[in-house]
Each structure stands twice: as structure tokens, then as C-alpha cells.
$ cat final38.cif   # mmCIF, C-alpha atoms and all ligand atoms
data_target
loop_
_atom_site.label_atom_id
_atom_site.label_comp_id
_atom_site.auth_asym_id
_atom_site.auth_seq_id
_atom_site.Cartn_x
_atom_site.Cartn_y
_atom_site.Cartn_z
CA MET V 1 0.00 0.00 0.00
CA LYS V 2 1.22 3.47 -0.83
CA THR V 3 2.58 5.04 2.36
CA TYR V 4 3.52 8.66 2.93
CA LYS V 5 5.82 9.78 5.74
CA ILE V 6 4.35 12.84 7.43
CA ALA V 7 5.78 14.90 10.28
CA VAL V 8 3.12 16.36 12.56
CA ILE V 9 3.84 19.46 14.63
CA PRO V 10 0.72 20.27 16.68
CA GLY V 11 2.56 23.25 18.18
CA ASP V 12 0.94 25.62 20.65
CA GLY V 13 -2.47 26.42 22.08
CA THR V 14 -5.36 25.06 20.09
CA GLY V 15 -2.92 23.64 17.52
CA GLY V 16 -3.15 20.21 19.14
CA GLU V 17 -6.95 20.18 19.11
CA VAL V 18 -7.32 21.14 15.46
CA VAL V 19 -4.53 18.84 14.28
CA ARG V 20 -6.18 15.98 16.15
CA GLU V 21 -9.35 16.52 14.11
CA GLY V 22 -7.38 16.98 10.91
CA ASN V 23 -5.59 13.70 11.53
CA LYS V 24 -8.90 11.99 12.18
CA VAL V 25 -10.14 13.11 8.77
CA LEU V 26 -6.85 12.21 7.06
CA THR V 27 -6.92 8.71 8.55
CA ALA V 28 -10.50 8.15 7.42
CA VAL V 29 -9.95 9.41 3.90
CA ALA V 30 -6.71 7.46 3.52
CA GLU V 31 -8.49 4.27 4.46
CA LYS V 32 -11.21 4.99 1.93
CA TYR V 33 -8.80 5.73 -0.90
CA GLY V 34 -6.31 3.01 -0.11
CA PHE V 35 -3.15 4.73 1.07
CA LYS V 36 -1.41 5.15 4.39
CA LEU V 37 -0.06 8.14 6.27
CA ASP V 38 2.83 7.20 8.50
CA ARG V 39 2.79 10.09 10.95
CA HIS V 40 5.43 11.09 13.47
CA GLU V 41 4.65 13.75 16.01
CA TYR V 42 7.13 16.42 17.14
CA ASP V 43 6.62 18.40 20.33
CA LEU V 44 8.10 21.63 18.98
CA GLY V 45 6.54 24.83 20.30
CA GLY V 46 6.19 27.03 23.34
CA GLU V 47 5.97 24.30 25.98
CA ARG V 48 9.18 22.62 24.86
CA TYR V 49 10.92 25.98 24.65
CA LEU V 50 9.87 26.93 28.18
CA LYS V 51 11.04 23.55 29.51
CA THR V 52 14.29 23.13 27.60
CA GLY V 53 15.12 26.41 25.89
CA GLU V 54 15.04 24.65 22.53
CA VAL V 55 13.01 26.03 19.65
CA LEU V 56 14.16 24.00 16.65
CA PRO V 57 17.25 21.91 17.30
CA ASP V 58 19.40 21.26 14.22
CA SER V 59 18.96 17.53 14.63
CA VAL V 60 15.18 17.89 14.41
CA LEU V 61 15.45 20.15 11.38
CA GLU V 62 17.61 17.49 9.70
CA GLU V 63 15.06 14.80 10.53
CA LEU V 64 12.25 16.90 9.09
CA ARG V 65 14.02 16.92 5.74
CA GLY V 66 13.28 13.21 5.52
CA TYR V 67 9.49 13.57 5.35
CA GLN V 68 7.18 13.96 2.39
CA ALA V 69 5.23 16.73 4.11
CA ILE V 70 4.77 18.50 7.43
CA TYR V 71 1.41 19.09 9.07
CA LEU V 72 1.53 22.05 11.45
CA GLY V 73 -1.04 23.22 14.00
CA ALA V 74 -0.17 26.63 15.42
CA VAL V 75 2.80 28.60 16.68
CA GLY V 76 2.66 31.19 19.49
CA HIS V 77 2.56 30.88 23.29
CA PRO V 78 1.35 33.56 25.74
CA ASP V 79 4.37 33.04 28.05
CA VAL V 80 6.94 33.28 25.27
CA LYS V 81 8.10 36.66 24.04
CA PRO V 82 6.62 37.37 20.60
CA GLY V 83 9.11 36.63 17.85
CA ILE V 84 10.97 33.75 19.44
CA LEU V 85 8.72 30.97 18.18
CA GLU V 86 7.55 32.80 15.08
CA LYS V 87 11.10 33.45 13.91
CA GLY V 88 12.81 30.46 15.51
CA LEU V 89 10.30 27.85 14.47
CA LEU V 90 7.82 28.88 11.77
CA LEU V 91 10.01 31.21 9.74
CA LYS V 92 13.06 29.03 10.31
CA LEU V 93 11.23 26.05 8.86
CA ARG V 94 10.00 28.09 5.90
CA PHE V 95 13.49 29.40 5.18
CA SER V 96 15.59 26.33 5.96
CA LEU V 97 13.36 24.02 3.97
CA GLU V 98 13.21 26.60 1.17
CA GLN V 99 9.45 26.65 1.17
CA TYR V 100 9.48 29.58 -1.17
CA ILE V 101 5.76 29.63 -1.92
CA ASN V 102 2.99 30.40 0.52
CA LEU V 103 -0.17 29.24 -1.18
CA ARG V 104 -3.38 30.65 0.21
CA PRO V 105 -6.71 29.78 -1.37
CA VAL V 106 -9.43 32.33 -0.63
CA LYS V 107 -12.67 30.51 -1.12
CA LEU V 108 -16.10 31.21 0.30
CA PHE V 109 -17.75 27.92 1.21
CA PRO V 110 -21.52 27.49 0.97
CA GLY V 111 -23.47 28.50 4.05
CA VAL V 112 -20.60 30.59 5.40
CA ASP V 113 -21.46 34.03 6.65
CA CYS V 114 -19.44 36.49 4.57
CA PRO V 115 -18.87 39.99 5.95
CA LEU V 116 -19.20 41.39 2.42
CA LYS V 117 -22.79 42.18 1.52
CA ASN V 118 -24.39 39.98 -1.13
CA LYS V 119 -21.27 37.98 -1.95
CA LYS V 120 -21.79 34.33 -2.82
CA PRO V 121 -19.39 31.38 -3.15
CA GLU V 122 -19.08 32.02 -6.90
CA ASP V 123 -17.85 35.57 -6.17
CA ILE V 124 -15.04 34.62 -3.82
CA ASP V 125 -12.76 31.97 -5.21
CA PHE V 126 -9.19 33.00 -5.87
CA VAL V 127 -5.70 32.06 -4.74
CA VAL V 128 -2.86 34.15 -3.37
CA VAL V 129 0.68 33.04 -4.18
CA ARG V 130 2.85 34.73 -1.58
CA GLU V 131 6.63 34.71 -1.89
CA ASN V 132 7.74 33.03 1.33
CA ASN V 133 11.53 33.30 1.62
CA GLU V 134 12.54 36.88 0.88
CA GLY V 135 11.44 40.50 1.10
CA LEU V 136 11.18 42.14 4.51
CA TYR V 137 11.12 38.71 6.13
CA VAL V 138 14.85 38.13 5.65
CA GLY V 139 15.31 40.19 8.82
CA GLU V 140 18.02 42.36 7.36
CA GLY V 141 18.53 45.80 8.87
CA GLU V 142 20.07 47.74 11.71
CA PHE V 143 19.59 50.26 14.46
CA ILE V 144 21.62 53.42 14.28
CA ASN V 145 21.93 55.42 17.53
CA LYS V 146 19.50 53.09 19.27
CA GLY V 147 17.72 54.62 22.23
CA THR V 148 18.69 58.17 21.35
CA PRO V 149 16.54 60.92 19.84
CA GLN V 150 18.56 60.41 16.65
CA GLU V 151 17.62 56.75 16.41
CA VAL V 152 17.18 55.23 12.99
CA ALA V 153 15.75 51.76 12.39
CA VAL V 154 16.45 50.25 8.99
CA GLN V 155 14.57 47.21 7.70
CA VAL V 156 15.54 45.91 4.30
CA SER V 157 13.38 44.17 1.73
CA ARG V 158 15.63 41.81 -0.18
CA ASN V 159 14.38 40.60 -3.55
CA THR V 160 16.62 38.43 -5.68
CA ARG V 161 16.12 37.76 -9.35
CA HIS V 162 16.24 34.05 -8.57
CA GLY V 163 13.72 34.28 -5.73
CA VAL V 164 11.32 36.51 -7.62
CA GLU V 165 11.52 34.45 -10.78
CA ARG V 166 10.88 31.09 -9.15
CA CYS V 167 7.88 32.52 -7.32
CA LEU V 168 6.46 34.09 -10.47
CA ARG V 169 7.03 30.90 -12.46
CA TYR V 170 5.17 28.90 -9.84
CA ALA V 171 2.31 31.42 -9.98
CA PHE V 172 2.12 31.30 -13.79
CA GLU V 173 2.12 27.50 -13.80
CA TYR V 174 -0.50 27.45 -11.09
CA THR V 175 -2.74 29.89 -12.98
CA ARG V 176 -2.35 27.84 -16.15
CA LYS V 177 -3.39 24.65 -14.37
CA ARG V 178 -6.16 26.19 -12.31
CA ASN V 179 -9.66 25.34 -13.34
CA SER V 180 -10.84 28.89 -14.00
CA LYS V 181 -12.14 30.69 -17.03
CA LYS V 182 -10.21 33.84 -16.21
CA LYS V 183 -6.68 32.41 -16.50
CA THR V 184 -5.41 35.69 -15.11
CA LEU V 185 -2.41 36.26 -12.91
CA THR V 186 -2.44 39.58 -11.06
CA LEU V 187 0.84 40.94 -9.75
CA CYS V 188 0.17 42.84 -6.53
CA GLY V 189 2.90 45.40 -5.81
CA LYS V 190 3.62 49.04 -5.25
CA THR V 191 5.52 50.11 -8.34
CA ASN V 192 4.66 53.77 -7.76
CA VAL V 193 6.68 53.94 -4.52
CA LEU V 194 8.83 50.84 -4.06
CA THR V 195 10.66 51.54 -7.27
CA TYR V 196 13.46 49.02 -6.73
CA ALA V 197 11.72 45.95 -5.39
CA PHE V 198 8.64 46.06 -7.56
CA ASP V 199 10.52 47.26 -10.58
CA LEU V 200 12.28 43.92 -10.48
CA TRP V 201 9.04 42.03 -9.85
CA GLU V 202 7.27 43.82 -12.70
CA ARG V 203 10.10 43.33 -15.20
CA VAL V 204 10.42 39.62 -14.52
CA PHE V 205 6.62 39.23 -14.50
CA HIS V 206 6.23 40.59 -18.03
CA GLU V 207 9.44 39.11 -19.35
CA ILE V 208 8.75 35.50 -18.43
CA GLY V 209 5.00 35.94 -18.87
CA ALA V 210 5.32 37.04 -22.49
CA LYS V 211 7.94 34.45 -23.28
CA ASP V 212 6.82 31.32 -21.47
CA TYR V 213 3.19 31.80 -20.44
CA PRO V 214 1.47 33.65 -23.30
CA ASP V 215 -1.76 31.77 -22.54
CA VAL V 216 -1.98 33.38 -19.07
CA LYS V 217 -3.38 36.90 -18.91
CA ARG V 218 -1.27 39.36 -16.94
CA ASP V 219 -2.73 42.04 -14.74
CA TYR V 220 -1.24 44.40 -12.18
CA ALA V 221 -2.68 46.09 -9.08
CA HIS V 222 -1.02 48.17 -6.38
CA VAL V 223 -1.36 46.58 -2.94
CA ASP V 224 -3.71 49.26 -1.63
CA ALA V 225 -5.95 48.91 -4.65
CA THR V 226 -5.79 45.12 -4.27
CA CYS V 227 -7.26 45.52 -0.77
CA MET V 228 -9.99 47.68 -2.19
CA TRP V 229 -10.87 45.23 -4.97
CA MET V 230 -10.76 42.26 -2.61
CA VAL V 231 -13.63 43.89 -0.74
CA LYS V 232 -15.47 45.50 -3.63
CA ASN V 233 -15.02 43.01 -6.49
CA PRO V 234 -13.35 39.85 -5.23
CA ASP V 235 -14.76 38.05 -8.27
CA TRP V 236 -12.21 39.86 -10.45
CA PHE V 237 -9.37 37.78 -9.11
CA ASP V 238 -8.14 34.42 -10.25
CA VAL V 239 -4.56 34.17 -8.94
CA ILE V 240 -2.68 36.98 -7.19
CA VAL V 241 1.09 36.85 -6.82
CA THR V 242 2.94 39.13 -4.43
CA ASP V 243 5.91 39.54 -2.12
CA ASN V 244 6.20 38.19 1.41
CA MET V 245 5.00 41.21 3.39
CA PHE V 246 2.13 42.23 1.13
CA GLY V 247 1.17 38.58 0.93
CA ASP V 248 1.04 38.33 4.70
CA ILE V 249 -1.31 41.30 4.88
CA ILE V 250 -3.65 40.56 2.00
CA THR V 251 -4.07 36.92 3.02
CA ASP V 252 -5.47 37.96 6.39
CA LEU V 253 -7.93 40.13 4.50
CA GLY V 254 -8.58 37.13 2.29
CA ALA V 255 -9.25 34.95 5.34
CA MET V 256 -11.81 37.43 6.60
CA ILE V 257 -13.75 37.62 3.35
CA GLN V 258 -13.92 33.83 3.20
CA GLY V 259 -15.47 33.69 6.64
CA GLY V 260 -12.55 33.99 9.06
CA MET V 261 -9.65 32.10 10.57
CA GLY V 262 -11.89 29.12 11.27
CA ILE V 263 -11.66 28.05 7.64
CA ALA V 264 -8.46 29.60 6.22
CA ALA V 265 -5.66 27.20 5.34
CA GLY V 266 -2.30 27.60 3.68
CA GLY V 267 0.61 25.66 2.30
CA ASN V 268 4.30 26.53 2.56
CA LEU V 269 5.64 24.87 -0.54
CA ASN V 270 8.98 23.75 -1.75
CA PRO V 271 7.95 22.15 -5.04
CA GLN V 272 11.23 20.21 -5.06
CA GLY V 273 11.40 19.48 -1.34
CA VAL V 274 9.45 19.23 1.91
CA SER V 275 6.28 21.31 2.09
CA MET V 276 4.33 22.28 5.19
CA PHE V 277 0.59 22.80 5.61
CA GLU V 278 -1.10 24.83 8.31
CA PRO V 279 -4.29 26.56 9.32
CA ILE V 280 -3.40 30.23 9.09
CA GLY V 281 -5.04 31.29 12.36
CA GLY V 282 -2.90 31.50 15.48
CA SER V 283 -2.76 29.39 18.62
CA ALA V 284 -5.85 31.08 20.17
CA PRO V 285 -4.73 30.72 23.83
CA LYS V 286 -8.09 31.82 25.19
CA TYR V 287 -9.86 28.86 23.59
CA THR V 288 -7.17 26.29 24.36
CA GLY V 289 -8.38 23.04 25.87
CA LYS V 290 -12.05 23.98 25.64
CA ASN V 291 -12.90 21.89 22.57
CA VAL V 292 -14.64 24.88 20.98
CA ILE V 293 -12.17 25.96 18.29
CA ASN V 294 -13.08 25.40 14.65
CA PRO V 295 -10.94 22.61 13.15
CA LEU V 296 -12.03 23.23 9.54
CA ALA V 297 -8.98 25.35 8.71
CA ALA V 298 -6.70 22.53 9.87
CA ILE V 299 -8.84 20.01 8.01
CA CYS V 300 -8.54 22.14 4.86
CA ALA V 301 -4.77 22.29 5.42
CA GLY V 302 -4.87 18.48 5.47
CA GLN V 303 -6.77 18.58 2.20
CA MET V 304 -4.04 20.76 0.66
CA LEU V 305 -1.43 18.34 1.96
CA LEU V 306 -3.11 15.42 0.18
CA GLU V 307 -3.50 17.44 -2.98
CA HIS V 308 0.22 18.18 -2.83
CA LEU V 309 1.02 14.48 -2.41
CA GLY V 310 -1.02 13.77 -5.52
CA GLU V 311 -3.97 12.20 -3.69
CA THR V 312 -6.34 14.48 -5.55
CA LYS V 313 -9.48 12.35 -5.25
CA ALA V 314 -9.09 12.05 -1.49
CA ALA V 315 -8.43 15.77 -1.28
CA ALA V 316 -11.54 16.56 -3.31
CA GLU V 317 -13.61 14.33 -1.07
CA ILE V 318 -12.50 16.28 1.99
CA GLU V 319 -13.47 19.51 0.29
CA GLU V 320 -16.92 18.17 -0.58
CA SER V 321 -17.42 17.08 2.98
CA VAL V 322 -16.32 20.44 4.38
CA LYS V 323 -18.75 22.16 2.00
CA TRP V 324 -21.52 19.93 3.27
CA VAL V 325 -20.62 20.72 6.88
CA THR V 326 -20.58 24.49 6.30
CA ALA V 327 -23.73 24.44 4.20
CA LYS V 328 -25.84 22.08 6.27
CA LYS V 329 -24.43 21.78 9.77
CA LEU V 330 -22.50 24.64 11.36
CA LYS V 331 -24.33 27.68 12.73
CA SER V 332 -21.21 29.79 12.49
CA LEU V 333 -17.50 29.31 11.87
CA ALA V 334 -16.56 31.19 15.05
CA ALA V 335 -15.06 29.38 18.04
CA GLY V 336 -17.76 28.49 20.54
CA LYS V 337 -20.57 29.41 18.17
CA MET V 338 -20.50 26.51 15.74
CA GLY V 339 -23.32 24.62 17.44
CA TYR V 340 -20.86 21.73 17.73
CA SER V 341 -17.64 21.04 19.59
CA THR V 342 -14.25 20.78 17.87
CA THR V 343 -14.46 16.99 18.12
CA GLU V 344 -17.98 16.89 16.69
CA VAL V 345 -16.99 19.01 13.69
CA GLY V 346 -14.17 16.55 12.96
CA ASP V 347 -16.67 13.67 13.24
CA LEU V 348 -19.06 15.44 10.89
CA VAL V 349 -16.36 15.86 8.25
CA VAL V 350 -15.50 12.16 8.56
CA LYS V 351 -19.16 11.29 8.12
CA GLY V 352 -19.46 13.56 5.08
CA LEU V 353 -16.63 11.72 3.30
CA ASP V 354 -19.40 9.38 2.23
CA PRO V 355 -21.38 11.04 -0.58
CA LYS V 356 -24.51 9.23 0.61
CA ALA V 357 -24.27 10.93 3.99
CA ARG V 358 -24.09 14.32 2.30
CA ILE V 359 -27.64 13.98 0.99
CA ALA V 360 -28.97 14.71 4.47
C1 LIG V 401 1.44 33.92 8.65
C2 LIG V 401 1.81 34.45 10.01
C3 LIG V 401 3.32 34.52 10.15
C4 LIG V 401 3.85 35.44 9.07
C5 LIG V 401 3.81 34.94 11.54
C6 LIG V 401 3.26 34.08 12.64
C7 LIG V 401 5.31 34.98 11.61
O1 LIG V 401 1.22 35.69 10.23
O2 LIG V 401 1.71 32.74 8.39
O3 LIG V 401 0.87 34.65 7.85
O4 LIG V 401 3.97 36.65 9.28
O5 LIG V 401 4.13 34.94 7.99
MN MN V 402 0.05 36.41 8.60
#
$ encode --input "final38.cif" --output "C-alpha cells"
Amino acid sequence: MKTYKIAVIPGDGTGGEVVREGNKVLTAVAEKYGFKLDRHEYDLGGERYLKTGEVLPDSVLEELRGYQAIYLGAVGHPDVKPGILEKGLLLKLRFSLEQYINLRPVKLFPGVDCPLKNKKPEDIDFVVVRENNEGLYVGEGEFINKGTPQEVAVQVSRNTRHGVERCLRYAFEYTRKRNSKKKTLTLCGKTNVLTYAFDLWERVFHEIGAKDYPDVKRDYAHVDATCMWMVKNPDWFDVIVTDNMFGDIITDLGAMIQGGMGIAAGGNLNPQGVSMFEPIGGSAPKYTGKNVINPLAAICAGQMLLEHLGETKAAAEIEESVKWVTAKKLKSLAAGKMGYSTTEVGDLVVKGLDPKARIA
């Protein structure tokens, strides 16, 4: 039987609860479609750091390179200074494993309450391809005269031709393959102000687009206008490609227009290496241990993981089941307001893997 080696990092807060439900769904769907997921759990996160001072030991990082994918819950602990786990664990994994794409589908599921008036599932269905290894996230910069009235803080956005090009190529390929009539890739930038970084992005975009992807339409929007259109006319978008920082910001906006953190999932992809899938919401300390958090985002991250492994039928089945659960079962996507516990939502998704169950 086909077996995939998966590393599981439940992480902090509600991460464990949502990953538990995601794993439940993955196990059920694997059984149905005849493959196996050989999962190994790692206790990385805030608790381990507080106990041992370790965030991501080199030996663990080396081990993680041996998996076919990583399934991550959440990173962030109320007793750990902000930045330590984010930089030392999440960003370190993204950078060390060269997961240079952050793929974020923005999709409104049926029955989900959308904060935008009169928007339906057919209006909100696009994907953000966020560059995941460069830009402002490289952490380059300095303080000059720190602590004095003359202080200067410099933070550099580093964009390499290689990094920009591989991200754009991924986005073009993705747009080409995507099942959409628009076949349009929108570059989101700020060419009117960031005249170095986005000059490079724009040049490479049109250069490789014209040469290698003539079948994909090219469009451009400044990041501020992108925010405006995401609210006003989200149906205009097919695939958006952007740098790390803008991608971070617009994907939170994307999560909100698709119904919130309860459903938003993402993949950190290294198309040639080890990719990592995660719900994009945080560790939600105030809901931890209460069995009230929404596991659908983690379940959708599991769906992306299977899709990435090539188990497309199993992945599609999860998506159908999640649609059934949002359309017919949940009262709301918000923690504590779903009308079901975390565990029950996981059980419902397992039940809905059977098309016959979805009739009800
Ligand atoms: C995300 C998160 C991270 C980021 C944080 C936790 C470092 O907000 O995945 O979008 O900024 O990329
Ligand atoms: Mn973010």
C-alpha cells in the first residue's frame, strides 16, 4: 500500500486540538482511498521551549528533511516573548526548507457568513501566491543610535532575481493549471513607490509571462488597490502573486472575506522538497483546551497536503465534505458558536466523506 511519511507538529495552544481533528479526517480518507499516512509527532513549540530552551534543534530540522510533508497546527505561546517561536520555528522552517511559496486559497464555502454584503461562493474563489523566503522577512537591517533621539531603524526588503523568478514561475504555472475561465495572474505590488523591489518584480513578471506563459493573462494592481478590490469586487481575481509582506497582509484580508480564521488554510511549498501545511489562524490561547475551536482550517490544510502528495481524489472528497458541513451543519465558523464542539466538527467531516451521507 502506498505510504507517505508525514511529520506532525501540533505546536501551541489550540494547535493540538485542530490537528487531532485533521488527523482523524486524514486517517478516514486514507483508508477509503487506499493509502497510508505514516505520521510522526514532534513536540516543537512554546511548551518545549519553556522547559528546555530549545526552539528548533538542528537535529530535528535534519530529521524533518526526511518527510514527504509536514502538518503544522499553530505557533505562538502567551508566556513566550513574541518573535521567538515565530522566527525560531515557523520562519526558520520556511526558510531552511526553502518553502518559497505560501499558497493561500481564498474561497467562500456554501453557508458561510461572509462579511461582504451579497457575496456568494461564486464571487469569492481565488488564490494568493505569496513569496515566502525573501522581502522584509529576511530580517536584514540595523539600528543606528538606538535609544537616542537620533535613532534610525532600517529594515531591508531583499528581492533576488532568482527568488522573484521562481515565485512568479510557480504562480504562472498554477494559474495555467487552475480550473478557471479567467486564466489571469495579477501581480500585486507598489511600483509607484517601491521603485526598486517592484521594478524587479514587474520586469520579470512581463518578461517571463510574455515568453513562457502567453496563454496566461497578466494584470497588475497596487497593494492598496488590491485591498480595495478584494472587498469591492473579489470576483475579479483568479490568482494573485505578491511579495512576502504584502502577501502576509492581504491573506489575512482574504481569510476574513472567506469567513474567518476558522476556515483559512495555507501551504508553505517547496515544489522540489518538503512542504508544510497549516491553518493560518494562530494558537488562540483563550480557547485552548475547551474543545470549541473550529478545526475546519486545519482540516482544509490536510486537504491541501493530500493534494500536494497527488492524492487528488481524497483531497476533493475532503473539500466536498467540508462544504456539506458548512452548508448544512454549522451555525457559524466562530469558536464556541459553531453549534458543535471541535471533536464533533471533525466527526461530521469524517461522516461527510461518504457522498450518501451528504444527501442529508
Ligand atoms: C502567517 C503568520 C506569520 C507570518 C507569523 C506568525 C510569523 O502571520 O503565516 O501569515 O507573518 O508569515
Ligand atoms: Mn500572517
$ residues_near_point --input "final38.cif" --point "(9.6, 31.1, 22.8)" --cutoff "6 Å" --atoms "only C-alpha atoms" --output "ChimeraX atom specification"
/V:46,49,80-81,84-85
$ closest_residue --input "final38.cif" --among "V:Val223, V:Leu56, V:Val216, V:Ile9" --to "Asn192 of chain V" --atoms "all atoms listed in the file"
V:Val223
$ atom_distance --input "final38.cif" --atom1 "atom CA of Asn118 of chain V" --atom2 "atom CA of Met256 of chain V"
15.0 Å
$ residues_near_ligand --input "final38.cif" --ligand "ligand MN 402 (chain V)" --cutoff "8 Å" --atoms "only C-alpha atoms and all ligand atoms" --output "mmCIF file with C-alpha atoms, in the frame of the given file"
data_model
loop_
_atom_site.group_PDB
_atom_site.id
_atom_site.type_symbol
_atom_site.label_atom_id
_atom_site.label_comp_id
_atom_site.auth_asym_id
_atom_site.auth_seq_id
_atom_site.Cartn_x
_atom_site.Cartn_y
_atom_site.Cartn_z
ATOM 1 C CA ASP V 248 1.040 38.330 4.700
ATOM 2 C CA ILE V 249 -1.310 41.300 4.880
ATOM 3 C CA THR V 251 -4.070 36.920 3.020
ATOM 4 C CA ASP V 252 -5.470 37.960 6.390
ATOM 5 C CA ILE V 280 -3.400 30.230 9.090
#
$ axis_aligned_box --input "final38.cif" --around "ligand LIG 401 (chain V)" --padding-each-side "4 Å" --output "AutoDock Vina command-line options"
--center_x 3.1 --center_y 34.7 --center_z 10.2 --size_x 12.4 --size_y 11.9 --size_z 12.8
$ residues_around --input "final38.cif" --residues "Leu26 of chain V" --least-positions-apart "5" --cutoff "12 Å" --atoms "all atoms listed in the file" --output "ChimeraX atom specification"
/V:4,6,19-21,31-39,71,298-307,311,314-315,317-319,346-347,349-350,353
$ closest_atom_pairs --input "final38.cif" --of "chain V" --to "ligand LIG 401 (chain V)" --cutoff "10 Å" --atoms "all atoms listed in the file" --output "Markdown table"
| residue | atom | partner | partner_atom | distance |
| --- | --- | --- | --- | --- |
| V:Ala74 | CA | V:LIG401 | C6 | 8.7 |
| V:Val75 | CA | V:LIG401 | C6 | 6.8 |
| V:Gly76 | CA | V:LIG401 | C6 | 7.5 |
| V:Pro82 | CA | V:LIG401 | C6 | 9.2 |
| V:Gly83 | CA | V:LIG401 | C7 | 7.5 |
| V:Ile84 | CA | V:LIG401 | C7 | 9.7 |
| V:Leu85 | CA | V:LIG401 | C6 | 8.4 |
| V:Glu86 | CA | V:LIG401 | C7 | 4.7 |
| V:Lys87 | CA | V:LIG401 | C7 | 6.4 |
| V:Gly88 | CA | V:LIG401 | C7 | 9.6 |
| V:Leu89 | CA | V:LIG401 | C7 | 9.2 |
| V:Leu90 | CA | V:LIG401 | C7 | 6.6 |
| V:Leu91 | CA | V:LIG401 | C7 | 6.3 |
| V:Lys92 | CA | V:LIG401 | C7 | 9.9 |
| V:Arg94 | CA | V:LIG401 | O5 | 9.3 |
| V:Asn102 | CA | V:LIG401 | O2 | 8.3 |
| V:Arg104 | CA | V:LIG401 | O3 | 9.6 |
| V:Arg130 | CA | V:LIG401 | O3 | 9.6 |
| V:Asn132 | CA | V:LIG401 | O5 | 7.8 |
| V:Asn133 | CA | V:LIG401 | O5 | 9.9 |
| V:Tyr137 | CA | V:LIG401 | O4 | 8.1 |
| V:Asn244 | CA | V:LIG401 | O5 | 7.6 |
| V:Met245 | CA | V:LIG401 | O4 | 7.5 |
| V:Gly247 | CA | V:LIG401 | O3 | 8.0 |
| V:Asp248 | CA | V:LIG401 | O3 | 4.8 |
| V:Ile249 | CA | V:LIG401 | O3 | 7.6 |
| V:Ile250 | CA | V:LIG401 | O3 | 9.5 |
| V:Thr251 | CA | V:LIG401 | O3 | 7.3 |
| V:Asp252 | CA | V:LIG401 | O3 | 7.3 |
| V:Ala265 | CA | V:LIG401 | O2 | 9.7 |
| V:Gly266 | CA | V:LIG401 | O2 | 8.0 |
| V:Gly267 | CA | V:LIG401 | O2 | 9.4 |
| V:Asn268 | CA | V:LIG401 | O2 | 8.9 |
| V:Glu278 | CA | V:LIG401 | O2 | 8.4 |
| V:Pro279 | CA | V:LIG401 | O2 | 8.7 |
| V:Ile280 | CA | V:LIG401 | O2 | 5.7 |
| V:Gly281 | CA | V:LIG401 | C2 | 7.9 |
| V:Gly282 | CA | V:LIG401 | C6 | 7.3 |
| V:Ser283 | CA | V:LIG401 | C6 | 9.7 |
$ atom_distance --input "final38.cif" --atom1 "atom CA of Lys286 of chain V" --atom2 "atom CA of Gly15 of chain V"
12.3 Å
$ atom_distance --input "final38.cif" --atom1 "atom CA of Glu41 of chain V" --atom2 "atom CA of Ala7 of chain V"
6.0 Å
$ residues_near_point --input "final38.cif" --point "(11.6, 37.9, 3.3)" --cutoff "10 Å" --atoms "all atoms listed in the file" --output "JSON, numbers by chain"
{"V": [91, 95, 100, 131, 132, 133, 134, 135, 136, 137, 138, 139, 140, 156, 157, 158, 159, 163, 243, 244, 245]}
$ closest_residue --input "final38.cif" --among "V:Ser275, V:Asn233, V:Thr52, V:Thr191" --to "Ile257 of chain V" --atoms "only C-alpha atoms"
V:Asn233
$ residues_around --input "final38.cif" --residues "Leu333 of chain V" --least-positions-apart "5" --cutoff "12 Å" --atoms "all atoms listed in the file" --output "compact mmCIF listing (two decimals) with C-alpha atoms, in the coordinates of the input"
# COMPACT_ATOMS: atom_id res chain seq x y z
CA LEU V 108 -16.10 31.21 0.30
CA PHE V 109 -17.75 27.92 1.21
CA PRO V 110 -21.52 27.49 0.97
CA GLY V 111 -23.47 28.50 4.05
CA VAL V 112 -20.60 30.59 5.40
CA ASP V 113 -21.46 34.03 6.65
CA CYS V 114 -19.44 36.49 4.57
CA ALA V 255 -9.25 34.95 5.34
CA MET V 256 -11.81 37.43 6.60
CA GLN V 258 -13.92 33.83 3.20
CA GLY V 259 -15.47 33.69 6.64
CA GLY V 260 -12.55 33.99 9.06
CA MET V 261 -9.65 32.10 10.57
CA GLY V 262 -11.89 29.12 11.27
CA ILE V 263 -11.66 28.05 7.64
CA ALA V 264 -8.46 29.60 6.22
CA VAL V 292 -14.64 24.88 20.98
CA ILE V 293 -12.17 25.96 18.29
CA ASN V 294 -13.08 25.40 14.65
CA PRO V 295 -10.94 22.61 13.15
CA LEU V 296 -12.03 23.23 9.54
CA ALA V 297 -8.98 25.35 8.71
CA VAL V 322 -16.32 20.44 4.38
CA VAL V 325 -20.62 20.72 6.88
CA THR V 326 -20.58 24.49 6.30
CA ALA V 327 -23.73 24.44 4.20
CA MET V 338 -20.50 26.51 15.74
CA GLY V 339 -23.32 24.62 17.44
CA TYR V 340 -20.86 21.73 17.73
CA SER V 341 -17.64 21.04 19.59
CA THR V 342 -14.25 20.78 17.87
CA VAL V 345 -16.99 19.01 13.69
$ closest_residue --input "final38.cif" --among "V:Gln68, V:Thr226, V:Pro271, V:Lys24" --to "Glu344 of chain V" --atoms "all atoms listed in the file"
V:Lys24
$ residues_around --input "final38.cif" --residues "segment 167-178 of chain V" --least-positions-apart "2" --cutoff "8 Å" --atoms "only C-alpha atoms" --output "VMD selection string"
chain V and resid 100 to 101 129 to 131 163 to 165 180 183 to 185 204 to 205 208 to 209 213 215 to 216 238 to 241
